[in-house]
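Participant: This one is entry_32.cif, mmCIF, C-alpha atoms and all ligand atoms.
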data_final
#
loop_
_atom_site.group_PDB
_atom_site.id
_atom_site.type_symbol
_atom_site.label_atom_id
_atom_site.label_comp_id
_atom_site.auth_asym_id
_atom_site.auth_seq_id
_atom_site.Cartn_x
_atom_site.Cartn_y
_atom_site.Cartn_z
ATOM 1 C CA MET A 102 -5.797 -13.806 -0.693
ATOM 2 C CA LEU A 103 -6.157 -11.263 -3.540
ATOM 3 C CA GLN A 104 -6.680 -12.192 -7.172
ATOM 4 C CA VAL A 105 -6.952 -9.535 -9.835
ATOM 5 C CA ARG A 106 -7.984 -10.742 -13.292
ATOM 6 C CA ASN A 107 -8.059 -8.838 -16.539
ATOM 7 C CA LEU A 108 -8.453 -5.475 -14.812
ATOM 8 C CA LYS A 109 -9.093 -2.547 -17.097
ATOM 9 C CA VAL A 110 -9.544 1.124 -16.148
ATOM 10 C CA SER A 111 -9.871 4.192 -18.334
ATOM 11 C CA TYR A 112 -10.209 7.904 -17.612
ATOM 12 C CA ASP A 113 -12.653 9.742 -19.882
ATOM 13 C CA GLY A 114 -12.315 7.029 -22.493
ATOM 14 C CA VAL A 115 -8.514 6.981 -22.386
ATOM 15 C CA LEU A 116 -7.153 3.587 -21.376
ATOM 16 C CA ALA A 117 -4.919 3.728 -18.268
ATOM 17 C CA ILE A 118 -4.495 0.001 -17.508
ATOM 18 C CA SER A 119 -5.659 -3.152 -19.243
ATOM 19 C CA LYS A 120 -5.399 -6.893 -18.777
ATOM 20 C CA VAL A 121 -3.756 -6.498 -15.398
ATOM 21 C CA ASP A 122 -3.457 -9.836 -13.551
ATOM 22 C CA ILE A 123 -1.992 -9.868 -10.054
ATOM 23 C CA ASN A 124 -2.024 -12.431 -7.237
ATOM 24 C CA VAL A 125 -1.166 -11.728 -3.636
ATOM 25 C CA GLY A 126 -0.877 -14.828 -1.488
ATOM 26 C CA LYS A 127 -1.699 -14.835 2.192
ATOM 27 C CA GLY A 128 1.183 -13.548 4.307
ATOM 28 C CA LYS A 129 3.175 -12.323 1.307
ATOM 29 C CA ILE A 130 4.723 -9.035 0.251
ATOM 30 C CA ILE A 131 4.131 -8.582 -3.467
ATOM 31 C CA ALA A 132 5.657 -5.634 -5.333
ATOM 32 C CA LEU A 133 4.169 -3.802 -8.300
ATOM 33 C CA VAL A 134 6.909 -1.671 -9.807
ATOM 34 C CA GLY A 135 7.170 0.699 -12.729
ATOM 35 C CA GLY A 136 8.010 4.258 -13.663
ATOM 36 C CA ASN A 137 5.848 7.327 -13.267
ATOM 37 C CA GLY A 138 2.539 7.303 -15.154
ATOM 38 C CA ASN A 139 2.481 3.571 -15.931
ATOM 39 C CA GLY A 140 -0.688 2.755 -14.026
ATOM 40 C CA LYS A 141 0.432 1.697 -10.555
ATOM 41 C CA SER A 142 -1.878 4.001 -8.602
ATOM 42 C CA THR A 143 -4.739 3.338 -10.991
ATOM 43 C CA THR A 144 -4.377 -0.384 -10.278
ATOM 44 C CA LEU A 145 -4.295 0.073 -6.496
ATOM 45 C CA ARG A 146 -7.194 2.511 -6.484
ATOM 46 C CA ALA A 147 -9.280 0.139 -8.577
ATOM 47 C CA ILE A 148 -8.543 -2.687 -6.133
ATOM 48 C CA ALA A 149 -9.508 -0.398 -3.229
ATOM 49 C CA GLY A 150 -12.708 0.642 -5.005
ATOM 50 C CA LEU A 151 -11.747 4.286 -5.550
ATOM 51 C CA ASN A 152 -11.605 3.969 -9.347
ATOM 52 C CA SER A 153 -14.307 2.107 -11.182
ATOM 53 C CA ALA A 154 -13.106 -0.637 -13.490
ATOM 54 C CA ASP A 155 -14.306 -1.076 -17.078
ATOM 55 C CA ALA A 156 -13.674 -4.795 -16.886
ATOM 56 C CA GLY A 157 -12.109 -7.461 -14.722
ATOM 57 C CA GLN A 158 -12.594 -9.482 -11.550
ATOM 58 C CA ILE A 159 -11.215 -8.708 -8.121
ATOM 59 C CA THR A 160 -11.458 -11.521 -5.582
ATOM 60 C CA PHE A 161 -10.443 -10.897 -1.999
ATOM 61 C CA ASP A 162 -10.414 -13.537 0.708
ATOM 62 C CA GLY A 163 -12.708 -15.730 -1.389
ATOM 63 C CA LYS A 164 -15.249 -12.993 -2.220
ATOM 64 C CA GLU A 165 -15.813 -11.149 -5.459
ATOM 65 C CA ILE A 166 -15.453 -7.486 -4.392
ATOM 66 C CA GLY A 167 -15.349 -5.687 -7.741
ATOM 67 C CA ASN A 168 -18.822 -4.226 -7.290
ATOM 68 C CA LEU A 169 -18.515 -3.237 -3.628
ATOM 69 C CA PRO A 170 -18.062 0.397 -2.572
ATOM 70 C CA ALA A 171 -14.678 1.315 -1.096
ATOM 71 C CA HIS A 172 -15.757 1.347 2.575
ATOM 72 C CA LYS A 173 -17.133 -2.199 2.287
ATOM 73 C CA ARG A 174 -13.771 -3.363 0.936
ATOM 74 C CA VAL A 175 -12.104 -1.712 3.938
ATOM 75 C CA GLY A 176 -14.558 -3.543 6.172
ATOM 76 C CA LEU A 177 -13.554 -6.859 4.589
ATOM 77 C CA GLY A 178 -9.908 -6.192 5.433
ATOM 78 C CA LEU A 179 -8.417 -4.313 2.490
ATOM 79 C CA SER A 180 -6.750 -1.052 3.492
ATOM 80 C CA LEU A 181 -5.126 1.490 1.150
ATOM 81 C CA VAL A 182 -2.277 3.767 2.240
ATOM 82 C CA PRO A 183 -2.512 6.369 -0.523
ATOM 83 C CA GLU A 184 0.150 8.033 -2.604
ATOM 84 C CA GLY A 185 1.504 11.168 -0.957
ATOM 85 C CA ARG A 186 0.436 9.893 2.487
ATOM 86 C CA ARG A 187 -2.582 12.240 2.818
ATOM 87 C CA ILE A 188 -2.283 12.609 6.550
ATOM 88 C CA PHE A 189 -4.104 15.474 8.250
ATOM 89 C CA GLY A 190 -1.260 17.829 9.136
ATOM 90 C CA ARG A 191 -3.300 20.037 11.472
ATOM 91 C CA LEU A 192 -4.576 17.126 13.536
ATOM 92 C CA THR A 193 -2.570 15.274 16.142
ATOM 93 C CA VAL A 194 -0.844 12.014 15.350
ATOM 94 C CA GLN A 195 -3.278 10.114 17.540
ATOM 95 C CA ARG A 196 -6.326 11.746 15.908
ATOM 96 C CA ASN A 197 -4.972 10.723 12.498
ATOM 97 C CA LEU A 198 -4.715 7.141 13.715
ATOM 98 C CA GLU A 199 -8.214 7.174 15.184
ATOM 99 C CA LEU A 200 -9.615 8.340 11.845
ATOM 100 C CA GLY A 201 -8.190 5.190 10.252
ATOM 101 C CA ALA A 202 -10.676 3.170 12.304
ATOM 102 C CA TYR A 203 -13.708 4.838 10.735
ATOM 103 C CA THR A 204 -15.280 1.576 9.608
ATOM 104 C CA ARG A 205 -15.029 -0.006 13.076
ATOM 105 C CA ARG A 206 -17.568 0.207 15.868
ATOM 106 C CA ASP A 207 -15.999 -1.644 18.785
ATOM 107 C CA THR A 208 -14.146 1.101 20.702
ATOM 108 C CA HIS A 209 -12.386 -1.419 22.928
ATOM 109 C CA GLU A 210 -10.911 -3.218 19.913
ATOM 110 C CA VAL A 211 -9.977 0.099 18.296
ATOM 111 C CA GLN A 212 -8.083 1.000 21.460
ATOM 112 C CA GLU A 213 -6.271 -2.351 21.236
ATOM 113 C CA SER A 214 -5.241 -1.593 17.661
ATOM 114 C CA LEU A 215 -3.925 1.784 18.753
ATOM 115 C CA GLU A 216 -1.816 0.173 21.480
ATOM 116 C CA ASN A 217 -0.568 -2.371 18.966
ATOM 117 C CA ILE A 218 0.519 0.340 16.528
ATOM 118 C CA TYR A 219 2.275 2.214 19.327
ATOM 119 C CA ARG A 220 4.064 -1.020 20.211
ATOM 120 C CA LEU A 221 5.153 -1.528 16.598
ATOM 121 C CA PHE A 222 6.174 2.112 16.035
ATOM 122 C CA PRO A 223 7.533 3.680 19.225
ATOM 123 C CA ILE A 224 8.379 6.874 17.297
ATOM 124 C CA ILE A 225 4.708 7.386 16.552
ATOM 125 C CA LYS A 226 3.827 6.809 20.195
ATOM 126 C CA ASP A 227 6.365 9.410 21.343
ATOM 127 C CA ARG A 228 4.755 11.920 19.020
ATOM 128 C CA ARG A 229 1.121 11.049 19.567
ATOM 129 C CA ASN A 230 0.111 14.496 20.861
ATOM 130 C CA GLN A 231 2.074 16.397 18.225
ATOM 131 C CA LEU A 232 0.492 17.875 15.090
ATOM 132 C CA ALA A 233 1.116 15.367 12.308
ATOM 133 C CA GLY A 234 2.294 18.080 9.897
ATOM 134 C CA THR A 235 5.286 18.851 12.104
ATOM 135 C CA MET A 236 6.809 15.393 11.605
ATOM 136 C CA SER A 237 9.409 14.450 8.987
ATOM 137 C CA GLY A 238 8.357 12.768 5.741
ATOM 138 C CA GLY A 239 9.523 9.366 6.985
ATOM 139 C CA GLU A 240 7.591 9.706 10.230
ATOM 140 C CA GLN A 241 4.506 10.841 8.343
ATOM 141 C CA GLN A 242 4.769 7.743 6.157
ATOM 142 C CA MET A 243 4.922 5.539 9.245
ATOM 143 C CA LEU A 244 1.866 7.371 10.540
ATOM 144 C CA ALA A 245 0.089 6.764 7.229
ATOM 145 C CA ILE A 246 0.892 3.049 7.483
ATOM 146 C CA GLY A 247 -0.274 3.082 11.107
ATOM 147 C CA ARG A 248 -3.503 4.754 10.060
ATOM 148 C CA GLY A 249 -3.976 2.068 7.403
ATOM 149 C CA LEU A 250 -3.498 -0.580 10.100
ATOM 150 C CA MET A 251 -6.200 1.010 12.260
ATOM 151 C CA ALA A 252 -8.735 -0.566 9.898
ATOM 152 C CA LYS A 253 -7.411 -3.930 11.171
ATOM 153 C CA PRO A 254 -6.704 -5.078 7.612
ATOM 154 C CA LYS A 255 -5.801 -8.503 6.329
ATOM 155 C CA MET A 256 -3.983 -6.755 3.499
ATOM 156 C CA LEU A 257 -2.347 -3.357 3.064
ATOM 157 C CA LEU A 258 -2.167 -1.684 -0.327
ATOM 158 C CA LEU A 259 0.811 0.682 -0.159
ATOM 159 C CA ASP A 260 1.210 3.357 -2.825
ATOM 160 C CA GLU A 261 4.841 4.512 -3.088
ATOM 161 C CA PRO A 262 5.671 4.629 0.609
ATOM 162 C CA SER A 263 9.262 5.706 -0.141
ATOM 163 C CA TRP A 264 8.123 8.750 -2.109
ATOM 164 C CA GLY A 265 9.456 12.081 -0.837
ATOM 165 C CA ILE A 266 11.393 10.575 2.039
ATOM 166 C CA ALA A 267 15.035 11.244 2.886
ATOM 167 C CA PRO A 268 17.072 8.234 1.634
ATOM 168 C CA LYS A 269 18.211 7.258 5.102
ATOM 169 C CA PHE A 270 14.563 6.903 6.196
ATOM 170 C CA VAL A 271 13.531 4.792 3.211
ATOM 171 C CA THR A 272 15.144 1.719 4.748
ATOM 172 C CA LYS A 273 13.323 2.421 7.972
ATOM 173 C CA VAL A 274 9.964 2.599 6.231
ATOM 174 C CA LEU A 275 10.690 -0.646 4.373
ATOM 175 C CA ASP A 276 11.694 -2.294 7.664
ATOM 176 C CA THR A 277 8.357 -1.155 9.052
ATOM 177 C CA ILE A 278 6.552 -2.803 6.144
ATOM 178 C CA GLN A 279 8.402 -6.053 6.775
ATOM 179 C CA LEU A 280 7.546 -5.872 10.451
ATOM 180 C CA VAL A 281 3.855 -5.367 9.682
ATOM 181 C CA ASN A 282 3.997 -8.302 7.276
ATOM 182 C CA GLU A 283 5.582 -10.494 9.941
ATOM 183 C CA GLU A 284 2.618 -9.623 12.164
ATOM 184 C CA GLY A 285 0.440 -11.385 9.594
ATOM 185 C CA VAL A 286 -0.668 -8.623 7.227
ATOM 186 C CA SER A 287 -0.328 -9.372 3.501
ATOM 187 C CA VAL A 288 1.084 -6.502 1.439
ATOM 188 C CA LEU A 289 0.748 -5.231 -2.108
ATOM 189 C CA LEU A 290 3.568 -2.712 -2.406
ATOM 190 C CA VAL A 291 3.627 -0.220 -5.267
ATOM 191 C CA GLU A 292 6.958 1.467 -5.892
ATOM 192 C CA GLN A 293 9.018 3.331 -8.447
ATOM 193 C CA ASN A 294 11.987 2.455 -6.316
ATOM 194 C CA LEU A 295 12.129 -1.088 -7.657
ATOM 195 C CA HIS A 296 15.434 -2.021 -6.122
ATOM 196 C CA LYS A 297 14.194 -1.340 -2.620
ATOM 197 C CA ALA A 298 10.762 -2.851 -3.242
ATOM 198 C CA LEU A 299 12.019 -6.077 -4.802
ATOM 199 C CA ALA A 300 14.542 -6.499 -2.018
ATOM 200 C CA ILE A 301 11.731 -7.079 0.495
ATOM 201 C CA ALA A 302 9.135 -8.634 -1.841
ATOM 202 C CA HIS A 303 8.480 -12.375 -2.215
ATOM 203 C CA TYR A 304 7.390 -11.801 -5.803
ATOM 204 C CA GLY A 305 7.134 -8.843 -8.128
ATOM 205 C CA TYR A 306 5.277 -7.526 -11.157
ATOM 206 C CA VAL A 307 6.557 -4.875 -13.550
ATOM 207 C CA ILE A 308 3.949 -2.588 -15.101
ATOM 208 C CA GLN A 309 4.608 -0.534 -18.204
ATOM 209 C CA THR A 310 2.047 1.636 -20.022
ATOM 210 C CA GLY A 311 -0.776 -0.048 -18.177
ATOM 211 C CA ARG A 312 0.240 -3.656 -18.758
ATOM 212 C CA ILE A 313 2.126 -6.214 -16.729
ATOM 213 C CA VAL A 314 5.229 -6.849 -18.822
ATOM 214 C CA MET A 315 7.243 -9.033 -16.500
ATOM 215 C CA GLN A 316 6.914 -10.946 -13.245
ATOM 216 C CA GLY A 317 8.989 -13.184 -11.058
ATOM 217 C CA ALA A 318 10.648 -13.688 -7.704
ATOM 218 C CA GLY A 319 12.094 -10.438 -6.366
ATOM 219 C CA GLN A 320 15.725 -11.495 -6.681
ATOM 220 C CA ASP A 321 15.194 -12.950 -10.177
ATOM 221 C CA LEU A 322 13.758 -9.654 -11.392
ATOM 222 C CA LEU A 323 16.635 -7.735 -9.840
ATOM 223 C CA ASN A 324 19.071 -9.951 -11.740
ATOM 224 C CA ASN A 325 17.142 -9.689 -15.005
ATOM 225 C CA ASP A 326 19.149 -7.892 -17.694
ATOM 226 C CA ASP A 327 16.118 -6.351 -19.418
ATOM 227 C CA ILE A 328 14.995 -4.820 -16.156
ATOM 228 C CA LYS A 329 18.447 -3.561 -15.380
ATOM 229 C CA LYS A 330 18.564 -1.865 -18.753
ATOM 230 C CA ALA A 331 15.064 -0.447 -18.640
ATOM 231 C CA TYR A 332 14.873 0.692 -15.047
ATOM 232 C CA LEU A 333 18.239 0.777 -13.431
ATOM 233 C CA GLY A 334 20.205 2.284 -16.287
ATOM 234 C CA LEU A 335 22.883 -0.408 -16.026
HETATM 235 N N1 LIG A 401 -7.639 11.191 -12.466
HETATM 236 C C1 LIG A 401 -7.113 10.984 -13.663
HETATM 237 N N2 LIG A 401 -7.677 11.508 -14.780
HETATM 238 C C2 LIG A 401 -7.151 11.291 -16.002
HETATM 239 N N3 LIG A 401 -6.053 10.554 -16.225
HETATM 240 C C3 LIG A 401 -5.430 10.021 -15.166
HETATM 241 C C4 LIG A 401 -5.921 10.209 -13.837
HETATM 242 N N4 LIG A 401 -5.102 9.535 -12.984
HETATM 243 C C5 LIG A 401 -4.150 8.981 -13.744
HETATM 244 N N5 LIG A 401 -4.334 9.250 -15.048
HETATM 245 C C6 LIG A 401 -3.510 8.768 -16.179
HETATM 246 O O1 LIG A 401 -3.453 7.350 -16.106
HETATM 247 C C7 LIG A 401 -2.139 6.865 -16.362
HETATM 248 C C8 LIG A 401 -1.644 6.070 -15.186
HETATM 249 O O2 LIG A 401 -1.496 6.935 -14.068
HETATM 250 P P1 LIG A 401 -1.159 6.399 -12.610
HETATM 251 O O3 LIG A 401 -1.985 5.224 -12.323
HETATM 252 O O4 LIG A 401 -1.272 7.553 -11.673
HETATM 253 O O5 LIG A 401 0.359 5.956 -12.780
HETATM 254 P P2 LIG A 401 1.514 5.727 -11.688
HETATM 255 O O6 LIG A 401 0.864 5.562 -10.356
HETATM 256 O O7 LIG A 401 2.230 4.501 -12.161
HETATM 257 O O8 LIG A 401 2.394 6.934 -11.731
HETATM 258 C C9 LIG A 401 -1.313 8.092 -16.691
HETATM 259 O O9 LIG A 401 -1.284 8.254 -18.069
HETATM 260 C C10 LIG A 401 -2.064 9.209 -16.033
HETATM 261 O O10 LIG A 401 -1.842 10.439 -16.697
HETATM 262 MG MG MG A 402 1.165 6.666 -8.634
#
What would you get if you wrote out this structure as structure tokens?

Facilitator:
Amino acid sequence: MLQVRNLKVSYDGVLAISKVDINVGKGKIIALVGGNGNGKSTTLRAIAGLNSADAGQITFDGKEIGNLPAHKRVGLGLSLVPEGRRIFGRLTVQRNLELGAYTRRDTHEVQESLENIYRLFPIIKDRRNQLAGTMSGGEQQMLAIGRGLMAKPKMLLLDEPSWGIAPKFVTKVLDTIQLVNEEGVSVLLVEQNLHKALAIAHYGYVIQTGRIVMQGAGQDLLNNDDIKKAYLGL
């Protein structure tokens, strides 16, 4: 569904990522894991069209999208849930969701998506008239994922959804991601929390200083001694 080839991005001439190759198959959850500052967000933002790439090809659903502006990529079915959630705290939960449908014109279908999200996340439905900023971090993350789904995506790009969430809610957020995936949405999941991410991923990539240094099935990576040493401190 998504093929990234030889992706390279720099900021003011300083290389952030290079030669990044990633595949996300239809219906899969693929993890991209690595420590802080290694290029995870840069990769996702380049795929979403929010960072311009110096080189590389990005193919989504059979189309080369590397030269399309971000909103066109959203329109084709690629939806980014950004780092730090970026919900609008002073707007209601429902208004936040509605804003996620900004590329869509059919109000009837948008309403259907809203109902669908409320079905998937009853907590969000219960709080629909509440100001989003009054919710817990975990609930805000679910709202951010819900907002991403309002674009009716074929694929979600999730940037560190477990960031800043109480540990007991991390599992809940990951369960939510699995649920969304089971509903047919492919997922590219970026995480520092590699143990949690690889536990739900079909396949994973490890990024270090802007390069993919390892890849494999989630469980294989978790059992890999080099990874244990480098990332888990075992
Ligand atoms: N807007 C920016 N301007 C300049 N440098 C940036 C910017 N965003 C990220 N970087 C640099 O690019 C590298 C990768 O950052 P990032 O993609 O945010 O990593 P991660 O998401 O893995 O923490 C880091 O060295 C970071 O300092
Ligand atoms: Mg990041």

Participant: Please compute the atom O5 of ligand LIG 401 (chain A)-CA of Ile131 in chain A distance, one decimal, in Å.

Facilitator: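 Here the two named atoms are 17.7 Å from each other.
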
Participant: Between chain A and ligand LIG 401 (chain A), at 9 Å or less, what are the per-residue closest atom pairs and their distances in Å? Count all atoms listed in the file, order by chain and rising residue number, and return it as a Markdown table.

Facilitator:
| residue | atom | partner | partner_atom | distance |
| --- | --- | --- | --- | --- |
| A:Val110 | CA | A:LIG401 | O1 | 8.7 |
| A:Ser111 | CA | A:LIG401 | O1 | 7.5 |
| A:Tyr112 | CA | A:LIG401 | C2 | 4.8 |
| A:Asp113 | CA | A:LIG401 | C2 | 6.9 |
| A:Val115 | CA | A:LIG401 | N3 | 7.5 |
| A:Leu116 | CA | A:LIG401 | O1 | 7.5 |
| A:Ala117 | CA | A:LIG401 | O1 | 4.5 |
| A:Ile118 | CA | A:LIG401 | C8 | 7.1 |
| A:Val134 | CA | A:LIG401 | O7 | 8.1 |
| A:Gly135 | CA | A:LIG401 | O7 | 6.3 |
| A:Gly136 | CA | A:LIG401 | O7 | 6.0 |
| A:Asn137 | CA | A:LIG401 | O8 | 3.8 |
| A:Gly138 | CA | A:LIG401 | O8 | 3.4 |
| A:Asn139 | CA | A:LIG401 | O7 | 3.9 |
| A:Gly140 | CA | A:LIG401 | O3 | 3.3 |
| A:Lys141 | CA | A:LIG401 | O7 | 3.7 |
| A:Ser142 | CA | A:LIG401 | O6 | 3.6 |
| A:Thr143 | CA | A:LIG401 | O3 | 3.6 |
| A:Thr144 | CA | A:LIG401 | O3 | 6.4 |
| A:Leu145 | CA | A:LIG401 | O3 | 8.1 |
| A:Arg146 | CA | A:LIG401 | O3 | 8.3 |
| A:Asn152 | CA | A:LIG401 | N1 | 8.8 |
| A:Glu184 | CA | A:LIG401 | O6 | 8.2 |
| A:Asp260 | CA | A:LIG401 | O6 | 7.9 |
| A:Glu261 | CA | A:LIG401 | O6 | 8.4 |
| A:Val291 | CA | A:LIG401 | O6 | 8.2 |
| A:Glu292 | CA | A:LIG401 | O7 | 8.4 |
| A:Gln293 | CA | A:LIG401 | O7 | 7.8 |
| A:Ile308 | CA | A:LIG401 | O7 | 7.9 |
| A:Gln309 | CA | A:LIG401 | O7 | 8.2 |
| A:Thr310 | CA | A:LIG401 | C8 | 7.5 |
| A:Gly311 | CA | A:LIG401 | C8 | 6.9 |

Participant: Contacts of Val288 in chain A at 6 Å or less, counting all atoms listed in the file, minus same-chain residues fewer than 4 places along, as a PyMOL selection string?

Facilitator: chain A and resi 130+256-257

Participant: Any chance you could resolve the PyMOL selection byres (((chain A and resi 282) around 12) and not hetatm) against this file and give the residues as a count of residues only?

Facilitator: 32

Participant: For the file shown, what are the residues hit by the PyMOL selection byres (((chain A and resi 105) around 9) and not hetatm), laid out as number ranges by chain?

Facilitator: A: 103-104, 106-108, 121-125, 148, 157-161

Participant: Can you work out the spacing between CA of Arg174 in chain A and CA of Gly150 in chain A in Å, to one decimal?

Facilitator: 7.2 Å

Participant: Between CA of Ser180 in chain A and CA of Ile313 in chain A, what is the distance in Å, rounded to a tenth?

Facilitator: 22.7 Å

Participant: With only C-alpha atoms and all ligand atoms as the basis for distance, which of A:Glu165, A:Pro170, A:Asn294, A:Gly178 is at the shortest distance from ligand MG 402 (chain A)?

Facilitator: A:Asn294

Participant: Using all atoms listed in the file, which of A:Val175, A:Ala154, A:Met251, A:Val182 sits nearest Arg196 in chain A?

Facilitator: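 Of all the options, A:Met251 lies closest to Arg196 in chain A.
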
Participant: A:Leu179, A:Ala171, A:Leu323, A:Leu133: which is nearest ligand MG 402 (chain A), counting only C-alpha atoms and all ligand atoms?

Facilitator: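 Nearest to ligand MG 402 (chain A): A:Leu133.
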
Participant: For ligand MG 402 (chain A), which residue out of A:Arg186, A:His172, A:Lys297, A:Lys330 is the nearest one, using all atoms listed in the file?

Facilitator: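 Distance minimum relative to ligand MG 402 (chain A) lands on A:Arg186.
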
Participant: Choose the residue, out of A:Arg205, A:Ala156, A:Asn168, A:Trp264, that has the smallest atom-to-atom separation from ligand MG 402 (chain A); count only C-alpha atoms and all ligand atoms.

Facilitator: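 Among A:Arg205, A:Ala156, A:Asn168, A:Trp264, it is A:Trp264 that comes nearest to ligand MG 402 (chain A).
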
Participant: Return as a PyMOL selection string the set of residues that the PyMOL selection byres (((chain A and resi 224-241) around 12) and not hetatm) yields on the displayed structure.

Facilitator: chain A and resi 182+185-199+215-223+242-248+262-277

Participant: Which residue gives the smallest distance to ligand MG 402 (chain A) among A:Ala298, A:Val211, A:Asp321, A:Pro183, with all atoms listed in the file counted?

Facilitator: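 Once distances to ligand MG 402 (chain A) are computed over all atoms listed in the file, the minimum belongs to A:Pro183.
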